[in-house]
$ cat structure_11.cif   # mmCIF, C-alpha atoms
data_upload
loop_
_atom_site.label_atom_id
_atom_site.label_comp_id
_atom_site.auth_asym_id
_atom_site.auth_seq_id
_atom_site.Cartn_x
_atom_site.Cartn_y
_atom_site.Cartn_z
CA MET X 100 0.00 0.00 0.00
CA ASP X 101 1.28 3.51 -0.84
CA ALA X 102 1.90 5.19 2.51
CA ARG X 103 1.26 8.60 0.97
CA LYS X 104 -2.40 7.80 0.32
CA PRO X 105 -5.21 8.10 2.89
CA LEU X 106 -6.00 4.88 4.73
CA HIS X 107 -9.56 4.86 6.01
CA HIS X 108 -10.99 8.38 6.05
CA GLU X 109 -11.81 11.15 3.62
CA THR X 110 -12.32 14.76 4.62
CA GLU X 111 -15.02 17.06 3.35
CA LYS X 112 -13.60 19.61 0.94
CA GLY X 113 -12.80 22.86 2.71
CA ARG X 114 -13.22 21.37 6.19
CA GLY X 115 -10.59 20.42 8.74
CA ALA X 116 -12.08 17.65 10.88
CA PRO X 117 -12.07 14.18 9.31
CA SER X 118 -15.30 13.22 11.10
CA ASN X 119 -18.25 14.49 13.12
CA ALA X 120 -18.34 12.05 16.01
CA VAL X 121 -20.23 13.19 19.08
CA SER X 122 -18.44 13.49 22.40
CA GLN X 123 -18.79 10.50 24.72
CA ARG X 124 -17.80 12.51 27.81
CA PHE X 125 -21.41 13.52 28.49
CA ASN X 126 -23.17 10.28 27.53
CA LEU X 127 -24.49 11.75 24.30
CA GLN X 128 -26.03 9.31 21.87
CA ASP X 129 -24.05 8.64 18.73
CA ARG X 130 -25.48 9.71 15.37
CA GLN X 131 -26.43 7.80 12.28
CA VAL X 132 -26.76 9.34 8.83
CA ASP X 133 -30.40 9.77 7.82
CA GLY X 134 -30.82 8.55 4.25
CA ASP X 135 -34.36 9.88 3.70
CA TRP X 136 -33.13 12.85 1.70
CA LEU X 137 -31.36 10.38 -0.58
CA ASP X 138 -34.48 8.24 -0.96
CA GLU X 139 -36.44 11.21 -2.23
CA LYS X 140 -33.89 11.96 -4.93
CA GLY X 141 -33.11 8.38 -5.77
CA GLN X 142 -29.45 8.92 -4.97
CA ILE X 143 -28.76 6.06 -2.62
CA GLY X 144 -25.02 5.56 -2.27
CA GLU X 145 -24.07 9.08 -3.34
CA SER X 146 -22.23 11.49 -1.08
CA ALA X 147 -24.02 14.00 1.14
CA PRO X 148 -24.54 17.59 -0.02
CA LYS X 149 -21.95 20.25 0.75
CA ARG X 150 -21.97 21.19 4.42
CA ARG X 151 -23.29 24.67 5.15
CA THR X 152 -22.15 27.00 7.90
CA ASP X 153 -25.05 27.78 10.25
CA VAL X 154 -24.95 30.59 12.82
CA THR X 155 -27.10 30.63 15.95
CA ILE X 156 -27.62 33.96 17.70
CA GLU X 157 -27.25 33.87 21.46
CA PHE X 158 -27.68 36.60 24.07
CA PRO X 159 -25.48 35.89 27.10
CA LYS X 160 -25.93 37.83 30.33
CA SER X 161 -22.22 38.56 30.67
CA ILE X 162 -19.39 38.83 28.16
CA ILE X 163 -16.11 38.86 30.11
CA ASN X 164 -14.63 35.52 31.17
CA TYR X 165 -12.23 35.56 34.13
CA ASN X 166 -9.45 33.07 34.83
CA THR X 167 -6.78 32.45 37.45
CA SER X 168 -4.47 30.36 35.26
CA PRO X 169 -0.74 30.80 35.95
CA ASP X 170 -0.10 29.97 32.27
CA LEU X 171 -1.86 33.06 30.89
CA PRO X 172 -0.61 36.67 30.94
CA PHE X 173 -4.17 37.98 31.38
CA ASP X 174 -6.99 37.35 33.83
CA ARG X 175 -9.93 38.19 31.55
CA SER X 176 -11.01 37.53 27.98
CA ILE X 177 -13.88 37.96 25.52
CA ASN X 178 -15.05 35.52 22.89
CA ALA X 179 -17.52 37.02 20.44
CA TYR X 180 -18.18 33.65 18.80
CA ARG X 181 -18.41 29.97 19.72
CA GLY X 182 -17.01 27.53 17.21
CA CYS X 183 -14.69 28.61 14.41
CA GLU X 184 -15.07 28.32 10.67
CA HIS X 185 -11.30 28.26 10.12
CA GLY X 186 -11.54 24.54 10.87
CA CYS X 187 -8.03 24.12 12.34
CA VAL X 188 -7.83 20.42 13.10
CA TYR X 189 -5.62 20.98 16.15
CA CYS X 190 -7.84 23.61 17.81
CA PHE X 191 -7.87 23.05 21.58
CA ALA X 192 -11.27 24.80 21.78
CA ARG X 193 -13.07 22.04 19.85
CA PRO X 194 -14.16 20.13 22.99
CA THR X 195 -16.25 23.13 24.14
CA HIS X 196 -18.84 22.27 21.49
CA ALA X 197 -19.65 19.09 23.40
CA TYR X 198 -21.29 21.29 26.06
CA HIS X 199 -23.86 22.22 23.41
CA ASP X 200 -24.53 18.56 22.52
CA LEU X 201 -22.61 19.16 19.29
CA SER X 202 -19.61 17.38 17.84
CA PRO X 203 -16.12 18.80 18.40
CA GLY X 204 -15.51 17.63 14.83
CA LEU X 205 -17.31 19.14 11.85
CA ASP X 206 -20.03 20.72 14.02
CA PHE X 207 -17.39 22.92 15.66
CA GLU X 208 -16.47 24.49 12.34
CA SER X 209 -19.93 24.58 10.74
CA LYS X 210 -22.43 25.18 13.58
CA LEU X 211 -21.38 28.51 15.04
CA PHE X 212 -22.74 30.85 17.69
CA ALA X 213 -22.57 34.67 17.60
CA LYS X 214 -23.12 37.17 20.43
CA PRO X 215 -24.40 40.41 18.84
CA ASN X 216 -25.03 42.08 22.22
CA ALA X 217 -21.36 41.73 23.24
CA ALA X 218 -20.52 45.43 22.92
CA ASP X 219 -23.58 46.51 24.93
CA LEU X 220 -22.75 44.02 27.68
CA LEU X 221 -19.17 45.25 27.72
CA ARG X 222 -20.21 48.88 28.06
CA GLN X 223 -22.54 47.96 30.95
CA THR X 224 -19.74 46.08 32.67
CA PHE X 225 -17.31 48.98 32.29
CA ALA X 226 -19.92 51.36 33.74
CA LYS X 227 -20.13 49.51 37.06
CA PRO X 228 -18.48 51.45 39.90
CA ASN X 229 -16.52 48.41 41.10
CA TYR X 230 -15.00 47.55 37.69
CA ARG X 231 -11.21 47.91 37.57
CA PRO X 232 -9.48 47.91 34.15
CA ALA X 233 -6.86 45.37 33.06
CA SER X 234 -5.90 44.08 29.63
CA ILE X 235 -8.67 42.04 28.00
CA ALA X 236 -7.69 39.31 25.57
CA ILE X 237 -9.85 38.72 22.50
CA GLY X 238 -9.51 35.51 20.48
CA THR X 239 -8.13 33.17 23.11
CA ASN X 240 -10.72 30.48 22.40
CA THR X 241 -12.08 31.03 18.89
CA ASP X 242 -10.87 33.49 16.26
CA PRO X 243 -12.49 36.95 16.46
CA TYR X 244 -11.79 37.46 12.75
CA GLN X 245 -13.18 34.22 11.36
CA PRO X 246 -15.24 34.70 8.17
CA ILE X 247 -18.57 35.46 9.89
CA GLU X 248 -17.05 38.62 11.43
CA LYS X 249 -17.48 40.22 8.01
CA ARG X 250 -21.25 39.88 8.47
CA TYR X 251 -21.71 40.44 12.21
CA ARG X 252 -18.81 42.84 12.99
CA ILE X 253 -19.02 42.01 16.69
CA THR X 254 -15.26 42.29 17.16
CA ARG X 255 -15.34 45.70 15.51
CA GLN X 256 -18.05 46.88 17.92
CA ILE X 257 -16.07 45.60 20.90
CA LEU X 258 -12.98 47.51 19.77
CA GLU X 259 -15.04 50.67 19.39
CA VAL X 260 -16.09 50.34 23.05
CA MET X 261 -12.43 49.86 23.99
CA LEU X 262 -11.53 53.07 22.17
CA GLU X 263 -14.47 54.96 23.66
CA THR X 264 -13.44 53.98 27.21
CA ARG X 265 -9.66 53.87 26.61
CA HIS X 266 -9.48 50.30 27.80
CA PRO X 267 -6.47 48.05 26.97
CA VAL X 268 -7.06 45.08 24.67
CA VAL X 269 -4.90 42.36 23.11
CA ILE X 270 -6.08 40.50 20.00
CA THR X 271 -5.08 36.99 18.95
CA THR X 272 -5.95 35.89 15.42
CA LYS X 273 -4.71 33.95 12.42
CA SER X 274 -6.61 36.13 9.97
CA ASN X 275 -5.55 39.11 7.90
CA ARG X 276 -9.13 40.38 8.33
CA VAL X 277 -7.80 42.19 11.39
CA ILE X 278 -6.64 44.85 8.91
CA ASN X 279 -10.30 45.79 8.39
CA ASP X 280 -10.15 47.43 11.83
CA LEU X 281 -6.80 49.12 11.31
CA ASP X 282 -8.36 52.55 11.85
CA VAL X 283 -9.56 51.71 15.37
CA LEU X 284 -6.45 49.70 16.23
CA THR X 285 -4.20 52.58 15.18
CA GLN X 286 -6.04 54.99 17.48
CA LEU X 287 -5.76 52.51 20.35
CA ALA X 288 -2.06 51.98 19.66
CA LEU X 289 -1.37 55.72 19.78
CA GLN X 290 -2.49 55.58 23.43
CA GLN X 291 -0.59 52.33 24.14
CA LEU X 292 -3.86 50.45 24.52
CA THR X 293 -3.50 47.52 22.11
CA ALA X 294 -1.28 44.84 20.65
CA VAL X 295 -1.98 42.09 18.12
CA ALA X 296 -0.70 38.50 18.14
CA ILE X 297 -0.92 36.70 14.81
CA SER X 298 -0.59 32.92 14.64
CA VAL X 299 1.64 31.52 11.92
CA THR X 300 1.84 27.74 12.05
CA THR X 301 3.60 27.10 8.74
CA LEU X 302 4.83 29.03 5.71
CA ASP X 303 3.82 26.25 3.32
CA PRO X 304 0.38 27.02 1.80
CA VAL X 305 -0.29 23.32 1.11
CA THR X 306 0.36 22.31 4.73
CA ALA X 307 -1.65 25.30 5.92
CA ARG X 308 -4.62 24.28 3.79
CA LEU X 309 -4.63 20.84 5.40
CA LEU X 310 -4.17 22.11 8.95
CA GLU X 311 -6.27 25.27 8.73
CA PRO X 312 -8.54 24.87 5.68
CA ARG X 313 -10.51 28.12 5.91
CA ALA X 314 -7.92 30.40 7.48
CA PRO X 315 -6.08 32.97 5.34
CA THR X 316 -2.80 31.83 3.80
CA PRO X 317 0.47 32.33 5.70
CA ALA X 318 1.52 34.97 3.16
CA ARG X 319 -1.59 37.04 3.90
CA ARG X 320 -0.99 36.79 7.63
CA LEU X 321 2.55 38.07 7.20
CA GLU X 322 1.20 40.92 5.08
CA ALA X 323 -1.10 41.76 8.00
CA VAL X 324 1.89 41.71 10.36
CA GLN X 325 3.62 44.21 8.09
CA GLN X 326 0.62 46.54 7.80
CA LEU X 327 -0.02 46.51 11.54
CA SER X 328 3.64 47.14 12.28
CA GLN X 329 3.82 50.03 9.82
CA ALA X 330 0.81 51.55 11.59
CA GLY X 331 2.76 51.60 14.85
CA ILE X 332 0.97 48.64 16.44
CA HIS X 333 2.90 46.15 18.57
CA VAL X 334 2.72 42.87 16.64
CA HIS X 335 3.68 39.50 18.09
CA VAL X 336 3.88 36.29 16.05
CA ASN X 337 2.89 33.08 17.80
CA ILE X 338 4.00 29.79 16.25
CA ALA X 339 1.01 27.97 17.63
CA PRO X 340 0.98 25.11 17.58
CA VAL X 341 4.29 23.59 16.62
CA VAL X 342 3.30 20.22 15.16
CA PRO X 343 6.22 17.78 15.53
CA GLY X 344 7.10 15.93 12.36
CA ILE X 345 4.87 18.24 10.31
CA THR X 346 5.84 21.88 10.91
CA ASP X 347 8.69 21.88 13.46
CA HIS X 348 11.34 22.12 10.74
CA GLU X 349 10.01 25.60 9.87
CA ILE X 350 10.71 27.33 13.20
CA GLU X 351 13.74 29.28 11.99
CA SER X 352 12.04 30.22 8.72
CA ILE X 353 8.93 31.49 10.49
CA VAL X 354 10.99 33.56 12.93
CA SER X 355 12.93 35.09 10.04
CA ALA X 356 9.74 35.86 8.10
CA ALA X 357 8.09 37.36 11.18
CA ALA X 358 11.05 39.64 11.83
CA GLY X 359 11.19 40.63 8.18
CA SER X 360 7.52 41.61 8.33
CA GLY X 361 7.96 43.85 11.36
CA ALA X 362 7.00 41.63 14.30
CA ARG X 363 8.60 42.64 17.59
CA SER X 364 8.61 39.23 19.22
CA VAL X 365 7.76 35.55 18.68
CA SER X 366 6.75 32.62 20.86
CA PHE X 367 5.54 29.05 20.43
CA ILE X 368 3.08 26.58 21.91
CA PRO X 369 3.60 22.85 21.36
CA LEU X 370 0.68 20.86 19.98
CA ARG X 371 -2.08 20.34 22.56
CA LEU X 372 -4.59 17.49 22.18
CA PRO X 373 -7.22 17.76 24.95
CA HIS X 374 -10.21 15.42 25.13
CA GLU X 375 -11.76 14.80 21.69
CA VAL X 376 -8.99 16.64 19.82
CA ALA X 377 -6.58 13.72 20.28
CA PRO X 378 -8.53 11.05 18.35
CA LEU X 379 -9.59 13.68 15.80
CA PHE X 380 -5.96 14.64 15.17
CA GLU X 381 -4.86 11.01 14.89
CA GLN X 382 -7.61 10.44 12.34
CA TRP X 383 -6.36 13.50 10.46
CA LEU X 384 -2.85 12.04 10.44
CA GLU X 385 -4.17 8.78 9.02
CA THR X 386 -5.82 10.76 6.24
CA HIS X 387 -3.02 13.12 5.25
CA TYR X 388 0.23 11.79 6.74
CA PRO X 389 -0.19 8.04 7.36
CA ASP X 390 3.55 7.48 6.96
CA ARG X 391 4.34 9.95 9.76
CA LYS X 392 1.56 9.16 12.23
CA SER X 393 3.58 6.94 14.58
CA LYS X 394 6.52 9.35 14.60
CA VAL X 395 4.36 12.41 15.25
CA MET X 396 2.42 10.80 18.08
CA SER X 397 5.61 9.41 19.61
CA ILE X 398 7.10 12.90 19.84
CA VAL X 399 3.82 14.29 21.19
CA ARG X 400 3.88 11.72 24.00
CA GLN X 401 7.52 12.55 24.75
CA MET X 402 6.56 16.21 25.17
CA ARG X 403 3.46 15.34 27.20
CA GLY X 404 4.83 13.02 29.88
CA GLY X 405 3.97 9.83 28.01
CA ARG X 406 0.38 10.87 27.24
CA ARG X 407 -1.31 12.44 24.24
CA ASN X 408 -2.11 15.51 26.33
CA ASP X 409 -0.84 17.10 29.50
CA PRO X 410 -3.46 19.38 31.16
CA ALA X 411 -1.23 20.43 34.08
CA PHE X 412 -0.55 24.09 34.75
CA HIS X 413 2.94 25.33 33.82
CA SER X 414 3.72 22.42 31.49
CA ARG X 415 0.63 22.37 29.23
CA MET X 416 1.71 25.48 27.30
CA ARG X 417 5.44 24.67 27.32
CA GLY X 418 5.76 20.94 26.95
CA GLN X 419 8.43 18.89 28.69
CA GLY X 420 11.39 16.68 27.87
CA PRO X 421 14.19 16.93 25.28
CA TRP X 422 11.93 17.72 22.31
CA ALA X 423 10.29 20.70 24.03
CA ASP X 424 13.68 21.91 25.27
CA LEU X 425 15.09 21.67 21.76
CA ILE X 426 12.23 23.74 20.31
CA ARG X 427 12.74 26.40 23.00
CA THR X 428 16.47 26.53 22.26
CA ARG X 429 15.97 26.78 18.52
CA LEU X 430 13.40 29.56 18.95
CA ALA X 431 15.69 31.50 21.29
CA ILE X 432 18.64 31.27 18.89
CA ALA X 433 16.53 32.19 15.86
CA SER X 434 14.98 35.13 17.72
CA ARG X 435 18.37 36.42 18.77
CA LYS X 436 19.70 36.20 15.22
CA ALA X 437 16.61 38.02 13.92
CA GLY X 438 16.94 40.76 16.54
CA LEU X 439 13.58 40.05 18.16
CA GLY X 440 12.89 40.90 21.78
CA LYS X 441 11.09 39.08 24.56
CA ALA X 442 7.36 38.44 24.21
CA LYS X 443 6.28 41.03 26.74
CA ILE X 444 3.38 43.40 26.10
CA THR X 445 2.65 46.25 28.51
CA LEU X 446 -0.48 48.33 27.98
CA ARG X 447 -1.80 51.33 29.89
CA THR X 448 -4.74 51.11 32.29
CA ASP X 449 -4.57 54.63 33.73
CA LEU X 450 -6.45 56.20 30.80
CA PHE X 451 -9.68 54.29 31.44
CA GLU X 452 -12.88 56.36 31.33
CA ARG X 453 -16.05 54.79 32.66
CA PRO X 454 -18.84 55.02 30.04
CA GLN X 455 -22.15 56.73 30.64
CA ILE X 456 -25.17 54.47 30.20
CA ALA X 457 -28.26 56.39 29.10
CA GLY X 458 -31.14 55.97 31.53
CA SER X 459 -29.08 54.23 34.22
CA GLN X 460 -28.92 55.15 37.91
CA LEU X 461 -25.24 55.97 37.41
CA GLU X 462 -26.22 59.23 35.76
CA LEU X 463 -27.49 60.49 39.14
CA PHE X 464 -23.97 60.52 40.62
#
$ encode --input "structure_11.cif" --output "structure tokens"
Amino acid sequence: MDARKPLHHETEKGRGAPSNAVSQRFNLQDRQVDGDWLDEKGQIGESAPKRRTDVTIEFPKSIINYNTSPDLPFDRSINAYRGCEHGCVYCFARPTHAYHDLSPGLDFESKLFAKPNAADLLRQTFAKPNYRPASIAIGTNTDPYQPIEKRYRITRQILEVMLETRHPVVITTKSNRVINDLDVLTQLALQQLTAVAISVTTLDPVTARLLEPRAPTPARRLEAVQQLSQAGIHVHVNIAPVVPGITDHEIESIVSAAAGSGARSVSFIPLRLPHEVAPLFEQWLETHYPDRKSKVMSIVRQMRGGRRNDPAFHSRMRGQGPWADLIRTRLAIASRKAGLGKAKITLRTDLFERPQIAGSQLELF
């Protein structure tokens, strides 16, 4: 058998997950394909129609998520969307869809949730007398500039509230669509209120299309780095994740390209495979890299204490063992050669202005 060919699974064109299995963590019943639609058309045995992206509108009561993780440089974040159309097969946020009785597989990238009242909730939160400003991270779970942002513009509205109140914000994305908000970001940057981290996993467009099927190409992301940098915005490039045996040979090239595009710093996160992401990723390897599967998973286990995933604080974002140490060393050397500094972002909080909410009791004081 030709090891370069897929073994057992085929992926839907333009999608990242090889399957749509439901999570078994919450005793959800498995699914079976309903063939009635085929019966009506007399197409028994033919493939299913092209999967559509559906968006459900939700109205949460709060919009800021707080954390106490020692691994994160922020204690609060905002996610305007649930699920992500980019379809990155490695996405550690995939398991969150199981809480909605949806699959972390194809459902995660095709059944999305949007929060159109996010900006209003944020303004109400900022108006509370006991609110104290600190940098808010946007895009830590799902990408704030995934394709549906073009329609809903929720991220744009959030940034406008940040500018109105002079509140610090850090954006993480792998999309050049961030440039659509360059006007607001530039005004925030002039007051030292924002920074942007752009994820670049690989420079190879073919590999990128397999890993991140609906995300912009690496070249477009680097163009965004350049435009943001030229506008005076602090840009950080995150090589996240580093996929051993697939993309790890590109570390030095990515660092060089990031520096050449104007990034001020770089960092990396080794591949994380929590919960349902692990079997999904192994299935993806069988489909696209069957000859490398055993090698890739062997290195993953070496970096994760013998397991496919290590959820422990301090080590989950860094990895452990010789392979993780080697990646850190290579990144440090490449960064030094490229003249890049440490990945430290400091934003101002002293400019914060509490917003006025029309009709609220706050107007009496």
$ residues_near_point --input "structure_11.cif" --point "(1.8, 34.9, 6.7)" --cutoff "12 Å" --atoms "only C-alpha atoms" --output "PyMOL selection string"
chain X and resi 272-275+297-304+307+314-326+336-338+352-362
$ atom_distance --input "structure_11.cif" --atom1 "atom CA of Arg417 of chain X" --atom2 "atom CA of Pro343 of chain X"
13.7 Å
$ resolve_selection --input "structure_11.cif" --expression "the PyMOL selection byres ((chain X and resi 399-404) around 9)" --output "list in words"
Val342, Pro343, Pro369, Leu370, Arg371, Lys394, Val395, Met396, Ser397, Ile398, Gly405, Arg406, Arg407, Asn408, Asp409, Pro410, Ser414, Arg415, Arg417, Gly418, Gln419, Gly420, Pro421, Trp422 and Ala423 of chain X
$ residues_near_point --input "structure_11.cif" --point "(-13.1, 28.3, 9.4)" --cutoff "9 Å" --atoms "only C-alpha atoms" --output "PyMOL selection string"
chain X and resi 113-115+182-187+208-209+242+245-246+311-314
$ residues_around --input "structure_11.cif" --residues "Thr224 of chain X" --least-positions-apart "4" --cutoff "12 Å" --atoms "only C-alpha atoms" --output "ChimeraX atom specification"
/X:160-164,217-220,228-232,260-261,264,453-456
$ write_last_selection --input "structure_11.cif" --atoms "C-alpha atoms" --output "PDB file, keeping the file's coordinate frame"
ATOM      1  CA  LYS X 160     -25.930  37.830  30.330  1.00  0.00           C
ATOM      2  CA  SER X 161     -22.220  38.560  30.670  1.00  0.00           C
ATOM      3  CA  ILE X 162     -19.390  38.830  28.160  1.00  0.00           C
ATOM      4  CA  ILE X 163     -16.110  38.860  30.110  1.00  0.00           C
ATOM      5  CA  ASN X 164     -14.630  35.520  31.170  1.00  0.00           C
ATOM      6  CA  ALA X 217     -21.360  41.730  23.240  1.00  0.00           C
ATOM      7  CA  ALA X 218     -20.520  45.430  22.920  1.00  0.00           C
ATOM      8  CA  ASP X 219     -23.580  46.510  24.930  1.00  0.00           C
ATOM      9  CA  LEU X 220     -22.750  44.020  27.680  1.00  0.00           C
ATOM     10  CA  PRO X 228     -18.480  51.450  39.900  1.00  0.00           C
ATOM     11  CA  ASN X 229     -16.520  48.410  41.100  1.00  0.00           C
ATOM     12  CA  TYR X 230     -15.000  47.550  37.690  1.00  0.00           C
ATOM     13  CA  ARG X 231     -11.210  47.910  37.570  1.00  0.00           C
ATOM     14  CA  PRO X 232      -9.480  47.910  34.150  1.00  0.00           C
ATOM     15  CA  VAL X 260     -16.090  50.340  23.050  1.00  0.00           C
ATOM     16  CA  MET X 261     -12.430  49.860  23.990  1.00  0.00           C
ATOM     17  CA  THR X 264     -13.440  53.980  27.210  1.00  0.00           C
ATOM     18  CA  ARG X 453     -16.050  54.790  32.660  1.00  0.00           C
ATOM     19  CA  PRO X 454     -18.840  55.020  30.040  1.00  0.00           C
ATOM     20  CA  GLN X 455     -22.150  56.730  30.640  1.00  0.00           C
ATOM     21  CA  ILE X 456     -25.170  54.470  30.200  1.00  0.00           C
TER      22      ILE X 456
END
$ resolve_selection --input "structure_11.cif" --expression "the PyMOL selection byres ((chain X and resi 444) around 12)" --output "list in words"
Pro172, Phe173, Ser234, Ala236, Pro267, Val268, Val269, Ile270, Gln291, Leu292, Thr293, Ala294, Val295, Ala296, Ile332, His333, Val334, His335, Arg363, Ser364, Val365, Gly440, Lys441, Ala442, Lys443, Thr445, Leu446 and Arg447 of chain X
$ atom_distance --input "structure_11.cif" --atom1 "atom CA of Glu381 of chain X" --atom2 "atom CA of Tyr198 of chain X"
22.4 Å
$ atom_distance --input "structure_11.cif" --atom1 "atom CA of Tyr388 of chain X" --atom2 "atom CA of Thr239 of chain X"
28.2 Å
$ residues_around --input "structure_11.cif" --residues "Pro243 of chain X" --least-positions-apart "4" --cutoff "10 Å" --atoms "all atoms listed in the file" --output "PyMOL selection string"
chain X and resi 177-181+183+237-239+247-248+252-255+270-274+276-277
$ axis_aligned_box --input "structure_11.cif" --around "segment 354-358 of chain X" --padding-each-side "4 Å" --output "JSON"
{"center_x": 10.5, "center_y": 36.6, "center_z": 10.5, "size_x": 12.8, "size_y": 14.1, "size_z": 12.8}
$ closest_residue --input "structure_11.cif" --among "X:Lys210, X:Arg151, X:Arg265, X:Arg250" --to "Thr448 of chain X" --atoms "only C-alpha atoms"
X:Arg265
$ closest_residue --input "structure_11.cif" --among "X:Arg175, X:Lys227, X:Ala192, X:Arg222" --to "Leu262 of chain X" --atoms "all atoms listed in the file"
X:Arg222
$ build_atoms --input "structure_11.cif" --residues "segment 256-277 of chain X" --atoms "N, CA and C atoms" --output "compact mmCIF listing (two decimals), in the frame of the given file"
# COMPACT_ATOMS: atom_id res chain seq x y z
N GLN X 256 -17.27 46.13 16.93
CA GLN X 256 -18.05 46.88 17.92
C GLN X 256 -17.38 46.85 19.29
N ILE X 257 -16.79 45.72 19.63
CA ILE X 257 -16.07 45.60 20.90
C ILE X 257 -14.89 46.57 20.93
N LEU X 258 -14.13 46.61 19.84
CA LEU X 258 -12.98 47.51 19.77
C LEU X 258 -13.41 48.98 19.86
N GLU X 259 -14.55 49.30 19.30
CA GLU X 259 -15.04 50.67 19.39
C GLU X 259 -15.36 51.05 20.84
N VAL X 260 -15.86 50.08 21.63
CA VAL X 260 -16.09 50.34 23.05
C VAL X 260 -14.75 50.53 23.77
N MET X 261 -13.76 49.72 23.39
CA MET X 261 -12.43 49.86 23.99
C MET X 261 -11.86 51.25 23.72
N LEU X 262 -12.04 51.74 22.51
CA LEU X 262 -11.53 53.07 22.17
C LEU X 262 -12.31 54.15 22.92
N GLU X 263 -13.61 53.99 22.96
CA GLU X 263 -14.47 54.96 23.66
C GLU X 263 -14.07 55.09 25.13
N THR X 264 -13.74 53.98 25.77
CA THR X 264 -13.44 53.98 27.21
C THR X 264 -11.95 53.96 27.50
N ARG X 265 -11.13 53.93 26.46
CA ARG X 265 -9.66 53.87 26.61
C ARG X 265 -9.25 52.67 27.46
N HIS X 266 -9.75 51.54 27.07
CA HIS X 266 -9.48 50.30 27.80
C HIS X 266 -8.48 49.44 27.02
N PRO X 267 -7.48 48.86 27.67
CA PRO X 267 -6.47 48.05 26.97
C PRO X 267 -7.03 46.73 26.47
N VAL X 268 -6.58 46.31 25.28
CA VAL X 268 -7.06 45.08 24.67
C VAL X 268 -5.97 44.44 23.84
N VAL X 269 -5.85 43.13 23.92
CA VAL X 269 -4.90 42.36 23.11
C VAL X 269 -5.69 41.40 22.24
N ILE X 270 -5.36 41.35 20.96
CA ILE X 270 -6.08 40.50 20.00
C ILE X 270 -5.19 39.35 19.56
N THR X 271 -5.76 38.15 19.52
CA THR X 271 -5.08 36.99 18.95
C THR X 271 -5.89 36.49 17.77
N THR X 272 -5.24 36.34 16.62
CA THR X 272 -5.95 35.89 15.42
C THR X 272 -4.98 35.22 14.46
N LYS X 273 -5.52 34.46 13.52
CA LYS X 273 -4.71 33.95 12.42
C LYS X 273 -5.29 34.44 11.10
N SER X 274 -5.95 35.60 11.16
CA SER X 274 -6.61 36.13 9.97
C SER X 274 -6.11 37.52 9.63
N ASN X 275 -5.91 37.77 8.35
CA ASN X 275 -5.55 39.11 7.90
C ASN X 275 -6.76 40.04 7.91
N ARG X 276 -7.95 39.53 8.24
CA ARG X 276 -9.13 40.38 8.33
C ARG X 276 -9.01 41.40 9.45
N VAL X 277 -8.04 41.22 10.33
CA VAL X 277 -7.80 42.19 11.39
C VAL X 277 -7.49 43.56 10.80
